[in-house]
$ cat entry31.cif   # mmCIF, C-alpha atoms and all ligand atoms
data_structure
#
loop_
_atom_site.label_atom_id
_atom_site.label_comp_id
_atom_site.auth_asym_id
_atom_site.auth_seq_id
_atom_site.Cartn_x
_atom_site.Cartn_y
_atom_site.Cartn_z
CA MET A 23 -152.36 101.62 55.54
CA LYS A 24 -151.08 105.05 54.72
CA LEU A 25 -153.49 107.38 52.97
CA SER A 26 -150.62 108.41 50.69
CA GLU A 27 -150.57 104.87 49.24
CA LEU A 28 -154.13 105.30 47.97
CA ASP A 29 -153.46 107.94 45.30
CA PRO A 30 -155.15 110.72 47.31
CA ARG A 31 -156.13 113.98 45.62
CA TRP A 32 -157.65 117.18 46.92
CA TRP A 33 -160.69 118.40 45.05
CA SER A 34 -162.59 121.68 44.79
CA VAL A 35 -165.56 122.85 42.76
CA ASP A 36 -163.55 125.43 40.83
CA MET A 37 -159.92 126.20 40.13
CA SER A 38 -159.83 129.26 42.40
CA ARG A 39 -160.38 127.08 45.44
CA ARG A 40 -158.14 124.54 47.13
CA GLY A 41 -158.96 121.53 49.25
CA GLN A 42 -162.73 121.53 49.58
CA GLY A 43 -162.48 117.77 49.91
CA ILE A 44 -160.43 114.71 49.17
CA HIS A 45 -160.81 111.57 47.11
CA PHE A 46 -158.70 108.43 47.28
CA LEU A 47 -158.78 104.79 46.27
CA CYS A 48 -161.08 102.66 48.43
CA PRO A 49 -158.77 100.83 50.89
CA THR A 50 -160.89 97.70 50.53
CA CYS A 51 -161.03 97.16 46.78
CA ARG A 52 -158.51 99.75 45.51
CA ILE A 53 -160.65 100.08 42.40
CA GLU A 54 -163.30 102.67 43.17
CA ARG A 55 -162.50 106.09 44.59
CA ILE A 56 -164.09 107.41 47.77
CA GLY A 57 -164.61 111.16 48.03
CA VAL A 58 -165.73 113.39 50.88
CA ALA A 59 -166.28 117.14 51.37
CA PHE A 60 -164.79 119.17 54.22
CA ASN A 61 -166.64 121.48 56.63
CA ASN A 62 -163.44 123.47 56.78
CA PRO A 63 -161.64 123.53 53.41
CA ILE A 64 -157.86 123.86 53.43
CA ASP A 65 -157.93 127.35 51.86
CA GLY A 66 -160.15 128.67 54.67
CA GLY A 67 -163.11 129.41 52.37
CA ALA A 68 -166.65 128.07 52.33
CA PRO A 69 -167.41 124.35 51.97
CA ALA A 70 -168.40 122.98 48.57
CA PRO A 71 -172.16 123.55 48.21
CA GLY A 72 -174.71 120.82 47.82
CA CYS A 73 -173.01 117.88 49.47
CA LYS A 74 -175.14 115.59 51.61
CA PHE A 75 -172.49 115.12 54.32
CA TYR A 76 -169.42 117.03 55.44
CA TRP A 77 -166.36 115.95 57.40
CA THR A 78 -164.29 118.01 59.81
CA ARG A 79 -160.66 118.09 58.78
CA ALA A 80 -157.47 118.44 60.78
CA GLY A 81 -154.11 118.52 59.05
CA GLU A 82 -153.19 119.99 55.70
CA SER A 83 -151.28 117.18 54.03
CA PHE A 84 -151.96 113.56 53.09
CA ASP A 85 -149.44 112.56 55.77
CA ASP A 86 -151.15 114.24 58.72
CA LEU A 87 -154.81 114.33 57.68
CA THR A 88 -157.47 113.41 60.24
CA LEU A 89 -161.19 113.37 59.40
CA ASP A 90 -164.20 113.16 61.67
CA PRO A 91 -166.50 111.22 61.69
CA SER A 92 -165.67 107.89 60.06
CA ILE A 93 -166.20 107.39 56.33
CA ASN A 94 -168.81 104.76 55.67
CA ALA A 95 -169.11 103.48 52.12
CA ALA A 96 -170.23 100.03 53.29
CA ALA A 97 -173.78 100.58 52.09
CA VAL A 98 -172.49 100.60 48.53
CA GLY A 99 -170.10 97.74 49.09
CA HIS A 100 -166.93 99.60 50.02
CA TRP A 101 -164.74 100.62 52.89
CA HIS A 102 -165.85 101.82 56.34
CA GLY A 103 -163.16 103.30 58.50
CA PHE A 104 -161.34 106.34 59.85
CA ILE A 105 -158.57 108.52 58.55
CA LYS A 106 -156.33 109.52 61.43
CA SER A 107 -152.94 111.22 61.16
CA GLY A 108 -152.61 110.16 57.53
CA GLU A 109 -153.46 106.50 58.19
CA THR A 110 -156.59 104.60 57.21
CA ILE A 111 -157.99 102.61 60.10
CA GLY A 112 -160.70 100.13 59.37
CA ASN A 113 -161.66 96.81 57.95
CA GLU A 114 -159.47 96.87 54.88
CA HIS A 115 -159.45 93.15 54.30
CA ALA A 116 -163.17 92.49 54.06
CA CYS A 117 -163.16 92.91 50.32
CA ILE A 118 -166.66 92.45 49.05
CA LEU A 119 -165.96 93.06 45.42
CA SER A 120 -164.52 90.50 43.08
CA VAL A 121 -162.76 91.18 39.81
CA GLN A 122 -163.18 88.42 37.26
CA SER A 123 -162.37 88.63 33.59
CA GLY A 124 -162.06 92.38 33.91
CA GLU A 125 -165.51 92.79 35.43
CA VAL A 126 -166.15 94.02 38.93
CA ILE A 127 -168.73 91.79 40.57
CA ASP A 128 -170.57 92.74 43.72
CA ILE A 129 -170.43 89.73 46.02
CA THR A 130 -171.72 91.59 49.06
CA GLY A 131 -174.45 89.07 49.69
CA LYS A 132 -172.11 86.12 49.48
CA VAL A 133 -169.63 86.84 52.24
CA SER A 134 -170.12 86.66 55.97
CA ARG A 135 -169.04 89.80 57.76
ZN ZN O 201 -164.05 99.50 47.52
#
$ encode --input "entry31.cif" --output "structure tokens"
Amino acid sequence: MKLSELDPRWWSVDMSRRGQGIHFLCPTCRIERIGVAFNNPIDGGAPAPGCKFYWTRAGESFDDLTLDPSINAAAVGHWHGFIKSGETIGNEHACILSVQSGEVIDITGKVSR
């Protein structure tokens, strides 16, 4: 799946900065957004302070972005995979959230993986 299909957006802690990280729709559920911070922001400045983890970025557009290491949101019931050259690579079909009557229900414990 292309990253560009997941409504990606750059984020930064203040308006004077550009591209301290990215957030995008979870490829698995397409409901929640997954966000990460970069070691090496696009504008060449310092990383966003206070993040627990940082990813090393290559590429400056949603179409050529590569991040290292993988992004693992599986512990909170979401996607685990890589972004390489603007593509998401991972287990996109193991959806472990269910939407019923407008409510998102965590069914993590009910599916075999
Ligand atoms: Zn998800």
$ atom_distance --input "entry31.cif" --atom1 "atom CA of Ala59 of chain A" --atom2 "atom CA of Phe104 of chain A"
14.6 Å
$ atom_distance --input "entry31.cif" --atom1 "atom CA of Arg40 of chain A" --atom2 "atom CA of Val98 of chain A"
27.9 Å
$ residues_around --input "entry31.cif" --residues "segment 79-87 of chain A" --least-positions-apart "2" --cutoff "10 Å" --atoms "only C-alpha atoms" --output "PyMOL selection string"
chain A and resi 24-32+41+43-44+59-65+76-77+89-91+105-110
$ closest_atom_pairs --input "entry31.cif" --of "chain A" --to "ligand ZN 201 (chain O)" --cutoff "9 Å" --atoms "all atoms listed in the file" --output "CSV"
residue,atom,partner,partner_atom,distance
A:Leu47,CA,O:ZN201,ZN,7.6
A:Cys48,CA,O:ZN201,ZN,4.4
A:Pro49,CA,O:ZN201,ZN,6.4
A:Thr50,CA,O:ZN201,ZN,4.7
A:Cys51,CA,O:ZN201,ZN,3.9
A:Arg52,CA,O:ZN201,ZN,5.9
A:Ile53,CA,O:ZN201,ZN,6.2
A:Glu54,CA,O:ZN201,ZN,5.4
A:Arg55,CA,O:ZN201,ZN,7.4
A:Ile56,CA,O:ZN201,ZN,7.9
A:Ala95,CA,O:ZN201,ZN,7.9
A:Ala96,CA,O:ZN201,ZN,8.5
A:Val98,CA,O:ZN201,ZN,8.6
A:Gly99,CA,O:ZN201,ZN,6.5
A:His100,CA,O:ZN201,ZN,3.8
A:Trp101,CA,O:ZN201,ZN,5.5
A:Cys117,CA,O:ZN201,ZN,7.2
A:Ile118,CA,O:ZN201,ZN,7.7
A:Leu119,CA,O:ZN201,ZN,7.0
$ atom_distance --input "entry31.cif" --atom1 "atom CA of Arg39 of chain A" --atom2 "atom CA of Pro69 of chain A"
10.0 Å
$ closest_residue --input "entry31.cif" --among "A:Thr88, A:Ala70, A:Gly112, A:Met23" --to "Gln42 of chain A" --atoms "all atoms listed in the file"
A:Ala70
$ closest_residue --input "entry31.cif" --among "A:Gly103, A:Gly57, A:Gly66, A:Pro71" --to "Trp33 of chain A" --atoms "all atoms listed in the file"
A:Gly57
$ closest_residue --input "entry31.cif" --among "A:Val58, A:Ala97, A:Ala68, A:Ile111" --to "His45 of chain A" --atoms "only C-alpha atoms"
A:Val58
$ axis_aligned_box --input "entry31.cif" --around "segment 58-68 of chain A" --padding-each-side "5 Å" --output "lines of an AutoDock Vina configuration file"
center_x = -162.3
center_y = 121.4
center_z = 53.8
size_x = 18.8
size_y = 26.0
size_z = 15.9
